[in-house]
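Right, one structure below, let's go through it.
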Amino acid sequence: MEKFFNDTQVAFALKSDTELDRAYFLFKMIANEPLVRIGTAVTNFALKAHLPVEGLIRASVFDHFCGGVNEDDCLKVVDKMFTKGVSSVLDYSVEGKEEEDQFDAALEMTLKTVEFARERKAIPFAVFKPTGLGRFYLYEKIGEKQPLTIEEQQEWSRVVNRFELICKTAYEKDVALLIDGEESWMQDAADQLVTDMMRKYNKEKAIVFNTLQLYRWDRLDYLKKLHEQAKEEGFFIGMKLVRGAYMEKENKRAEEKGYPTPICESKEATDVNFDQTVAYMMKHLDRMAIFAGTHNEESSYKLIELMQKNNIAKNDNRIWFGQLYGMSDNISFNLAAQGYNVAKYLPFGPVRDVMPYLIRRAEENTSVAGQTSRELNLLKTERKRRKN
C-alpha cells in the first residue's frame, strides 16, 4: 500500500512561514520535559496571580492548539481547513468546573455547537465531556454504586436532563455527537448514560458516539457486550476510538488504592488493542460507525487497508479519521487529499479556562514516545523544502 504521510507540502500547505517557525519552536520546547514542567508551574502561577500573560499565551501555545476564544472566533480556522477537505469538531475545552451555573453554561455552549454543525458542512460533529455537565464526584459515586443523598439524586437528574437535551437536539437536527471518555473510575456511570442515549437516539443510524480509551485492556470486551445488547434491542453503535489521555493518573490511583491497573501493560499491547478494536468494528460496520481518533500513522494505514480490503468507499460516512488541531497535520491533510473523511478537534474557550487542557496537551506530548520528534522532523523537512 502506498504510504503518503510524509508529504509535508500537503501537510503544511495552510501554514505561513511564520506559523511554521512558531510550530517548530513550540515542539522544540515541548520536547524538553523539564522545560514543560517549569513552564506549566510558571503559567499556573501567573494566571492565579492575575499577571497579564494572556496575550503571550494567546500568541504562542493557544493559537497553535486552539481555534479561538469563542465559537465565532473559530470560523476562520474552520473555513480555512475546509478548503483542503479537513472538517472541524468545535470542542469547548473548559475543564474541571464544579458549579451548577457552569454546567448550564457548558450545556448552552454545546447546544450552540450542535446548531453550528447543523448549519455547516465543515462541522460534521458536535462534542462534549461528561464532566462538563456534572460533578466528577457524582459520576464516581454512581459508578461505585454508592447510595446518593436526596440532594445528590436531584443533582444527578439534572445531569441526565442535560445529556438528554443535547442528545435529543442532535438527533432532531441530524448532527452526530461525540461524547468524550474520561478517567476509569467515573466512566462506568458515563457509559451507562451514553448507552441509554444510544438506545433512544441511534435507532436508524449512529448519532450518539461514546469513546473507548484503548489503553484500557477491558474495552474490547466492553464493546462486544454492548454489541450483543445493540443487536437484541435494535440500536446502532457509534464509537470514537482513542488510545487514552490519563495513563499516569490511572496507574498512580491503582497503585495507591491497591487494585490492578486498568491500563495495558505496554505501549505495544495498547497498539494491538486499538487495532483489534478497529478490526472488530469494521467487521460489524452494518451496525457500527467509527471515529478513529489517532495520531498513530500505522493504525491509520491499517484502517485504510481494511477499508480497501472490504471495498468500502473512502468517503463512507460511517468511518472518520480524527486528530487534534495543531498536531499530526501530516496525517489529517494527506488523508483529506486522498479523499478520506477527516475532522480536526478544534478546542476553544477563554484563554484562562482552556489552560488546563493546553497543559495536559503539552504533558501528553512530552510523554508519548516519538510524537514530538516526529512533529519536529516533519516541520524541519518542510522548512528546508521551502528554502530550496
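Every chain in the C-alpha cells has a letter given in the order shown (A, B, ...), and although residue numbers restart at 1 in each chain, ligands are simply numbered from 1 in the order shown.
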Filtered DSSP result for stretch 282-366 of chain A, state helix (DSSP H, G or I), as a PyMOL selection string: chain A and resi 282-283+297-309+329-337+351-366
Residue neighbourhood stretch 2-15 of chain A, 9 Å, only C-alpha atoms, exclusion window fewer than 2 positions, as a list in words: Asp17, Thr18, Glu19, Leu20, Lys80, Met81, Lys84, Glu297, Tyr301, Ser328, Asp329, Asn330, Ile331, Ser332, Phe333, Asn334, Leu335, Ala337, Leu378, Leu379, Thr381, Glu382, Arg385 and Arg386 of chain A
Secondary structure check, strand (DSSP E) residues of stretch 109-289 of chain A, as a list in words: Phe125, Ala126, Val127, Phe128, Ala176, Leu177, Leu178, Ile179, Val208, Phe209, Asn210, Thr211, Leu212, Gln213, Ile237, Gly238, Met239, Lys240, Leu241, Val242, Met288 and Ala289 of chain A
For the selection you just gave me, I'd like the residues written to a file as a CSV table (one decimal), in the first residue's frame, keeping C-alpha atoms.
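And here is the file that came out, result.csv:
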```csv
chain,number,residue,atom,x,y,z
A,125,PHE,CA,-19.8,16.5,14.7
A,126,ALA,CA,-20.6,18.2,18.0
A,127,VAL,CA,-18.8,17.1,21.2
A,128,PHE,CA,-18.9,17.4,24.9
A,176,ALA,CA,-23.5,13.3,15.0
A,177,LEU,CA,-22.4,13.7,18.6
A,178,LEU,CA,-19.1,12.6,20.2
A,179,ILE,CA,-19.1,12.1,24.0
A,208,VAL,CA,-24.6,9.4,19.7
A,209,PHE,CA,-21.0,8.2,19.9
A,210,ASN,CA,-19.3,7.1,23.1
A,211,THR,CA,-15.5,6.9,23.5
A,212,LEU,CA,-13.3,3.8,24.0
A,213,GLN,CA,-9.9,4.6,25.6
A,237,ILE,CA,-23.3,1.9,18.0
A,238,GLY,CA,-21.1,5.0,17.4
A,239,MET,CA,-17.6,4.9,18.9
A,240,LYS,CA,-14.7,7.3,19.0
A,241,LEU,CA,-11.6,5.1,19.4
A,242,VAL,CA,-8.6,6.7,21.1
A,288,MET,CA,-21.5,0.5,13.9
A,289,ALA,CA,-19.8,3.8,13.0
```
Who sits within 9 Å of stretch 194-201 of chain A, only C-alpha atoms, same chain under 5 positions skipped, as a list of chain:residue names: A:Phe163, A:Glu164, A:Cys167, A:Lys168, A:Ala170, A:Tyr171, A:Ile179, A:Ala189, A:Ala206, A:Ile207, A:Val208, A:Phe209, A:Asn210, A:Leu226, A:Ala230, A:Glu233, A:Gly234, A:Phe235, A:Phe236, A:Ile237, A:Gly238
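Distance-wise, atom CA of A:Asp180 and atom CA of A:Pro130 end up 6.9 Å apart.
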A:Lys224 surroundings by only C-alpha atoms, 10 Å radius, close-in-sequence under 6 positions cut, as a PyMOL selection string: chain A and resi 230+277+280-281
Residues within 8 Å of A:Glu182, only C-alpha atoms, excluding chain neighbours under 6 positions, as number ranges by chain: A: 129-130, 245-246
Would you put the residues from that selection into a file with C-alpha atoms, as a PDB file, in the first residue's frame?
```pdb
ATOM      1  CA  LYS A 129     -17.264  15.920  28.027  1.00  0.00           C
ATOM      2  CA  PRO A 130     -19.435  14.166  30.665  1.00  0.00           C
ATOM      3  CA  ALA A 245      -5.195  10.504  27.964  1.00  0.00           C
ATOM      4  CA  TYR A 246      -4.924   9.737  31.688  1.00  0.00           C
TER       5      TYR A 246
END
```
Could you pull the residues within 9 Å of A:Arg162, counting only C-alpha atoms, minus those fewer than 3 positions along the same chain, as an mmCIF file with C-alpha atoms, in the first residue's frame?
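Here's the written file part.cif:
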```
data_model
loop_
_atom_site.group_PDB
_atom_site.id
_atom_site.type_symbol
_atom_site.label_atom_id
_atom_site.label_comp_id
_atom_site.auth_asym_id
_atom_site.auth_seq_id
_atom_site.Cartn_x
_atom_site.Cartn_y
_atom_site.Cartn_z
ATOM 1 C CA PHE A 103 -22.630 23.128 33.881
ATOM 2 C CA ASP A 104 -25.597 25.047 32.475
ATOM 3 C CA LEU A 107 -24.882 22.864 28.138
ATOM 4 C CA LEU A 133 -22.296 18.643 32.551
ATOM 5 C CA GLY A 134 -21.911 17.378 36.126
ATOM 6 C CA SER A 157 -31.289 14.038 37.492
ATOM 7 C CA ARG A 158 -30.155 17.492 36.289
ATOM 8 C CA VAL A 159 -27.054 15.858 34.733
ATOM 9 C CA LEU A 165 -31.424 17.642 25.896
ATOM 10 C CA ILE A 166 -28.135 17.590 23.945
ATOM 11 C CA CYS A 167 -28.691 14.093 22.501
#
```
